[in-house]
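*Asks:* First, the structure itself, so that you have it in front of you.
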Amino acid sequence: MFAYPVAVRRLHPLDWVAAGLLACGLLCLATGLLPTAAAGSALSRIAPLLAFLGTVIVLAELTSAAEVFDVVAAGVAWAGRGSYPLLFLLCVAFAAVTTVTLNLDTTAVLLTPVMLALASRVGIAPLPLAMTTVWLANTASLLLPVSNLTNLLAAERVALSPSGLARVMWAPQLASVLVTMVCLWLFYWRRGRRGAADYLPPPAHRPADRVLFGICGLACAGFLLSTLLADLPLWAASGVAAAVAVLAFAVRRPAALRTSLVPWRLLVMVPGMFLVVQTVDAHGLHRVLAGAIGTDGGVVGMFRASAVGAGLANLLNNLPVYLAGEAAVPAGNHQQLLALLIGTNVGPLVAPWASLATLLWYERCRAHGLRVPLRSVAGTGAVLAAGAVLLATGALAVAN
């Protein structure tokens with residue numbers, strides 16, 4: 001029998017999906033199904049996104065290895081003082097801030113294992129903590145360009161700086177987080193669901209290397225401040241912060257610097273998604289989306305755009321759906337475009353493949369032995385998606 005190389009046997013199913021998407025996109029380009037000009041335009045747009053994605057994930061991985069997240073998680077549990085309601089508020093804040101400042105994929109990849117480890121340390125049910133992570137990874141990703149790859153595309157289209165996008169999206173972001181909190185409490189955190197009245201707070205976590213802890217913590221803080229205050233491209237800010245973390249590890253713990261820190265799967269999957277969607281767009285998707293979204297730049301058009309974005313994101317995937325939908329929204333309809341952004345960011349909570357963050361979250365849960373009840377997660381996710389998209393779009397219309 002033919003023996004596959006060890007490297008091939010170790011590939012995760014998501015690796016095969018990523019490779020398949022890229023191969024399909026390149027095949028479309030090679031056969032002429034995808035025009036060269038359209039492919040070049042798509043790849044030129046995503047080059048800065050890939051640079052940002054690669055460097056920010058490296059920064060987040062090294063920050064996690066420096067135990068910054070562990071210290072914060074233990075601090076959150078200690079600050080909860082054994083009270084589930086207080087722990088709930090603190091975990092929501094932790095997940096939301098991580099998503100806003102480091103991006104939703106970082107929350108899914110790095111905060112999920114931290115939350116699951118926290119659950120085992122204090123002896124509480126893991127599913128409420130896991131659901132807090134995955135839901136807020138999506139619903140808290142509206143505020144800054146750094147929070148989501150789709151935000152980078154939208155901010156470029158409507159010519160908004162990071163602070164400008166925050167001024168426009170603060171109300172939708174607040175609305176989506178509040179709806180998420182209500183659904184989390186009702187479906188997963190209330191007494192009848194979590195199965196315990198209180199918990200025993202853990203001792204404070206002390207990092208093994210305080211120098212690495214301090215440098216990586218400062219690198220993350222500097223990255224956040226630079227995105228808000230400095231006129232720097234996001235990929236440059238994340239690149240500098242990642243370089244600081246890499247240099248610190250090269251001096252203090254060089255064995256931790258390995259090629260697996262680079263998010264190869266994402267760097268392969270994202271170009272593949274873009275090429276495939278550009279191909280479909282060239283063969284009729286644009287007309288379908290244009291008809292569904294419409295040209296009304298007012299309130300009705302905003303709700304249509306957010307609903308179409310959320311629905312198609314759960315059928316396909318939010319990133320390519322946003323890209324295709326962006327081309328279907330008239331150039332001057334900035335509010336309608338931001339409503340589409342709400343649908344594609346907040347809405348993909350039903351299907352496991354609806355967002356890359358959700359896919360990564362399922363992978364992390366499986367790696368930690370947590371069985372995710374797919375049917376109930378999809379049902380509760382549908383309730384949250386409908387409520388959060390509706391209220392966030394209304395908040396966008398009222399506040400702007």
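Every chain in the structure tokens takes a letter, A first, then B, and so on in the order presented; its residues are numbered from 1, and the ligands are numbered from 1 following the presented order.
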From the DSSP assignment of the backbone, select every residue of region 22-147 of chain A that is alpha helix (DSSP H), and format the answer as a PyMOL selection string.

*Replies:* chain A and resi 22-31+36-65+68-79+84-102+104-106+112-122+126-139

*Asks:* Do a neighbour search on Thr133 (chain A) at 8 Å with only C-alpha atoms, toss out local chain neighbours closer than 5 positions, and write the hits as a list of chain:residue names.

*Replies:* A:Ala95, A:Thr107, A:Ala108, A:Leu111, A:Thr112, A:Met115

*Asks:* Could you list, as an MDAnalysis selection string, every residue within 8 Å of Leu184 (chain A), counting only C-alpha atoms and ignoring same-chain residues fewer than 5 positions away?

*Replies:* chainID A and resid 128 131:132 189

*Asks:* Can you write out the residues you just picked, keeping C-alpha atoms, as a tab-separated table (two decimals), in the first residue's frame?

*Replies:*
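Result written to out.tsv:
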chain	number	residue	atom	x	y	z
A	128	PRO	CA	-20.45	28.72	28.59
A	131	MET	CA	-19.54	30.04	23.63
A	132	THR	CA	-18.55	33.42	25.06
A	189	TRP	CA	-24.72	31.14	31.74

*Asks:* With only C-alpha atoms as the atoms that count, which of A:Pro320, A:Ser176, A:Leu59, A:Ala243 lies nearest to Pro271 (chain A)?

*Replies:*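 Of all the options, A:Pro320 lies closest to Pro271 (chain A).
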
*Asks:* Using only C-alpha atoms, which residues sit within 9 Å of Leu26 (chain A) once same-chain residues fewer than 6 positions away are excluded, as a PDB file with N, CA and C atoms, in the first residue's frame?

*Replies:*
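Contents of out_32.pdb, freshly written:
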ATOM      1  N   LEU A  34     -11.374  32.851 -14.669  1.00  0.00           N
ATOM      2  CA  LEU A  34     -11.155  34.085 -13.927  1.00  0.00           C
ATOM      3  C   LEU A  34     -10.262  35.000 -14.758  1.00  0.00           C
ATOM      4  N   GLY A 272      -7.168  31.876  -1.737  1.00  0.00           N
ATOM      5  CA  GLY A 272      -8.034  30.935  -2.428  1.00  0.00           C
ATOM      6  C   GLY A 272      -9.481  31.383  -2.420  1.00  0.00           C
ATOM      7  N   LEU A 275      -9.938  34.342  -4.874  1.00  0.00           N
ATOM      8  CA  LEU A 275      -9.899  33.957  -6.284  1.00  0.00           C
ATOM      9  C   LEU A 275     -11.172  33.219  -6.695  1.00  0.00           C
ATOM     10  N   VAL A 276     -11.659  32.326  -5.831  1.00  0.00           N
ATOM     11  CA  VAL A 276     -12.877  31.591  -6.147  1.00  0.00           C
ATOM     12  C   VAL A 276     -14.072  32.531  -6.235  1.00  0.00           C
TER      13      VAL A 276
END

*Asks:* Contacts of region 321-335 of chain A at 8 Å or less, counting only C-alpha atoms, minus same-chain residues fewer than 5 places along, as a list in words?

*Replies:*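 The neighbour list is Thr150, Val158, Phe274, Val277, Gln278, Asp281, Leu285, His286, Arg287, Leu289, Ala290, Ile293, Gly294, Thr295, Asp296, Gly297, Gly298, Met302, Gly309, Leu312, Ala313, Leu316, Leu340, Leu341, Thr344, Leu396 and Ala397 of chain A.
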
*Asks:* Please produce a file of those selected residues containing N, CA, C and O atoms, as a short mmCIF file (atom, residue, chain, number, x, y, z; two decimals), in the first residue's frame.

*Replies:*
data_model
loop_
_atom_site.label_atom_id
_atom_site.label_comp_id
_atom_site.auth_asym_id
_atom_site.auth_seq_id
_atom_site.Cartn_x
_atom_site.Cartn_y
_atom_site.Cartn_z
N THR A 150 -12.65 41.97 7.05
CA THR A 150 -13.66 42.69 6.30
C THR A 150 -13.67 44.17 6.65
O THR A 150 -13.96 45.02 5.81
N VAL A 158 -14.62 53.19 2.17
CA VAL A 158 -15.30 54.43 2.58
C VAL A 158 -14.32 55.47 3.11
O VAL A 158 -14.73 56.50 3.63
N PHE A 274 -10.62 34.44 -2.13
CA PHE A 274 -10.78 35.61 -2.97
C PHE A 274 -10.81 35.24 -4.45
O PHE A 274 -11.63 35.75 -5.22
N VAL A 277 -14.18 33.45 -5.29
CA VAL A 277 -15.31 34.38 -5.30
C VAL A 277 -15.23 35.32 -6.51
O VAL A 277 -16.25 35.63 -7.13
N GLN A 278 -14.03 35.76 -6.86
CA GLN A 278 -13.88 36.60 -8.04
C GLN A 278 -14.34 35.85 -9.29
O GLN A 278 -14.93 36.44 -10.20
N ASP A 281 -18.09 35.68 -9.13
CA ASP A 281 -18.58 37.02 -9.36
C ASP A 281 -18.56 37.37 -10.84
O ASP A 281 -19.46 38.04 -11.37
N LEU A 285 -22.60 36.16 -9.98
CA LEU A 285 -22.90 36.45 -8.58
C LEU A 285 -23.15 37.93 -8.36
O LEU A 285 -24.01 38.30 -7.55
N HIS A 286 -22.43 38.77 -9.07
CA HIS A 286 -22.61 40.21 -8.90
C HIS A 286 -24.04 40.62 -9.20
O HIS A 286 -24.64 41.41 -8.45
N ARG A 287 -24.61 40.09 -10.28
CA ARG A 287 -25.99 40.47 -10.64
C ARG A 287 -26.98 39.99 -9.59
O ARG A 287 -27.93 40.69 -9.25
N LEU A 289 -26.40 39.42 -6.35
CA LEU A 289 -26.24 40.22 -5.14
C LEU A 289 -26.77 41.64 -5.34
O LEU A 289 -27.39 42.21 -4.44
N ALA A 290 -26.51 42.22 -6.50
CA ALA A 290 -26.99 43.57 -6.76
C ALA A 290 -28.51 43.62 -6.70
O ALA A 290 -29.10 44.57 -6.17
N ILE A 293 -29.49 43.09 -2.82
CA ILE A 293 -29.15 44.22 -1.94
C ILE A 293 -29.88 45.48 -2.36
O ILE A 293 -30.32 46.27 -1.51
N GLY A 294 -30.04 45.72 -3.66
CA GLY A 294 -30.71 46.91 -4.15
C GLY A 294 -29.81 48.13 -4.12
O GLY A 294 -28.64 48.08 -3.74
N THR A 295 -30.37 49.25 -4.55
CA THR A 295 -29.60 50.49 -4.64
C THR A 295 -30.06 51.56 -3.65
O THR A 295 -29.58 52.69 -3.69
N ASP A 296 -31.00 51.22 -2.78
CA ASP A 296 -31.52 52.18 -1.81
C ASP A 296 -30.47 52.43 -0.73
O ASP A 296 -30.10 51.53 0.03
N GLY A 297 -29.98 53.67 -0.65
CA GLY A 297 -29.00 54.01 0.35
C GLY A 297 -29.60 54.38 1.70
O GLY A 297 -28.86 54.73 2.63
N GLY A 298 -30.93 54.33 1.82
CA GLY A 298 -31.59 54.68 3.07
C GLY A 298 -31.71 53.51 4.02
O GLY A 298 -31.03 52.49 3.90
N MET A 302 -30.32 49.61 3.94
CA MET A 302 -29.38 49.15 4.96
C MET A 302 -29.82 47.81 5.54
O MET A 302 -29.01 46.88 5.69
N GLY A 309 -26.20 39.93 3.69
CA GLY A 309 -24.86 39.57 4.13
C GLY A 309 -24.87 38.46 5.16
O GLY A 309 -24.09 37.50 5.07
N LEU A 312 -26.16 34.98 3.40
CA LEU A 312 -25.19 34.36 2.51
C LEU A 312 -23.92 33.95 3.25
O LEU A 312 -23.26 32.98 2.87
N ALA A 313 -23.55 34.68 4.30
CA ALA A 313 -22.37 34.30 5.08
C ALA A 313 -22.54 32.92 5.69
O ALA A 313 -21.58 32.15 5.78
N LEU A 316 -22.25 30.40 2.67
CA LEU A 316 -20.92 30.31 2.07
C LEU A 316 -19.86 30.57 3.13
O LEU A 316 -19.46 29.68 3.84
N LEU A 340 -23.94 46.13 5.27
CA LEU A 340 -23.47 44.84 4.77
C LEU A 340 -22.37 44.28 5.65
O LEU A 340 -22.32 43.08 5.94
N LEU A 341 -21.49 45.16 6.10
CA LEU A 341 -20.41 44.76 7.00
C LEU A 341 -20.98 44.18 8.30
O LEU A 341 -20.48 43.17 8.81
N THR A 344 -22.21 40.59 7.57
CA THR A 344 -21.17 39.59 7.36
C THR A 344 -20.29 39.39 8.60
O THR A 344 -19.67 38.34 8.74
N LEU A 396 -26.93 51.64 13.67
CA LEU A 396 -26.18 52.34 12.62
C LEU A 396 -27.06 53.43 11.98
O LEU A 396 -26.61 54.57 11.74
N ALA A 397 -28.31 53.07 11.70
CA ALA A 397 -29.22 54.02 11.07
C ALA A 397 -29.53 55.20 11.98
O ALA A 397 -29.59 56.36 11.53
#

*Asks:* Nearest to Trp353 (chain A): which of A:Gly75, A:Ala237, A:Gly369, A:Asn318 is it, counting only C-alpha atoms?

*Replies:*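 Going through A:Gly75, A:Ala237, A:Gly369, A:Asn318 one by one, the smallest distance to Trp353 (chain A) is for A:Asn318.
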
*Asks:* Please report as CSV every residue of region 19-99 of chain A lying within 12 Å of region 263-270 of chain A, along with the nearest atom pair and their distance in Å (one decimal), using only C-alpha atoms.

*Replies:*
residue,atom,partner,partner_atom,distance
A:Ala19,CA,A:Val268,CA,6.6
A:Gly20,CA,A:Met269,CA,8.5
A:Leu21,CA,A:Met269,CA,6.4
A:Leu22,CA,A:Met269,CA,6.4
A:Ala23,CA,A:Val268,CA,9.6
A:Cys24,CA,A:Met269,CA,10.9
A:Gly25,CA,A:Met269,CA,10.2
A:Leu26,CA,A:Val268,CA,11.6
A:Ala42,CA,A:Val270,CA,10.8
A:Leu43,CA,A:Val270,CA,10.0
A:Arg45,CA,A:Val270,CA,11.6
A:Ile46,CA,A:Val270,CA,8.3
A:Ala47,CA,A:Leu267,CA,10.0
A:Pro48,CA,A:Leu267,CA,11.6
A:Leu49,CA,A:Val270,CA,9.3
A:Leu50,CA,A:Leu267,CA,6.3
A:Ala51,CA,A:Leu267,CA,8.9
A:Phe52,CA,A:Leu267,CA,10.4
A:Leu53,CA,A:Leu267,CA,7.8
A:Gly54,CA,A:Pro263,CA,6.1
A:Thr55,CA,A:Pro263,CA,8.9
A:Val56,CA,A:Pro263,CA,9.7
A:Ile57,CA,A:Pro263,CA,6.8
A:Val58,CA,A:Pro263,CA,7.6
A:Leu59,CA,A:Pro263,CA,11.1
A:Ala60,CA,A:Pro263,CA,11.0
A:Glu61,CA,A:Pro263,CA,9.8

*Asks:* Quick check, in Å to one decimal: how far apart do CA of Ser355 (chain A) and CA of Ala175 (chain A) lie?

*Replies:* 20.4 Å

*Asks:* Neighbours of Gly311 (chain A) within 8 Å (only C-alpha atoms; same-chain residues fewer than 5 positions away dropped), as a ChimeraX atom specification?

*Replies:* /A:343,347-348

*Asks:* Have a look at A:Arg304, A:Gly222, A:Leu153, A:Glu67 and name the one nearest to Ala208 (chain A); count only C-alpha atoms.

*Replies:*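 Smallest distance to Ala208 (chain A) is found for A:Glu67.
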
*Asks:* For each of A:Leu225, A:Ala292, A:Ala171, A:Leu359, take the minimum atom-to-atom distance to Ala399 (chain A), counting only C-alpha atoms, then give the residue where this is smallest.

*Replies:* A:Ala171

*Asks:* Ranking A:Ala386, A:Leu257, A:Leu338, A:Ala307 by minimum distance to Leu165 (chain A) and counting only C-alpha atoms, which one comes first?

*Replies:* A:Leu338

*Asks:* Hey, which of A:Leu110, A:Leu319, A:Val122, A:Ala38 ends up closest to Leu152 (chain A)? Count only C-alpha atoms.

*Replies:* A:Leu319

*Asks:* Excluding His205 (chain A) and residues on its chain fewer than 3 positions from it, collect all residues at most 9 Å away from it, counting only C-alpha atoms, and give them as a PDB file with C-alpha atoms, in the first residue's frame.

*Replies:*
ATOM      1  CA  GLU A  67       1.682  33.927  29.393  1.00  0.00           C
ATOM      2  CA  ASP A  70      -2.926  33.322  31.212  1.00  0.00           C
ATOM      3  CA  VAL A  71      -2.195  36.104  33.672  1.00  0.00           C
ATOM      4  CA  VAL A  72      -5.199  38.057  32.471  1.00  0.00           C
ATOM      5  CA  ALA A  73      -7.484  34.985  32.538  1.00  0.00           C
ATOM      6  CA  ALA A  74      -6.436  34.085  36.076  1.00  0.00           C
ATOM      7  CA  GLY A  75      -6.934  37.705  37.063  1.00  0.00           C
ATOM      8  CA  PRO A 202      -7.836  30.294  41.476  1.00  0.00           C
TER       9      PRO A 202
END
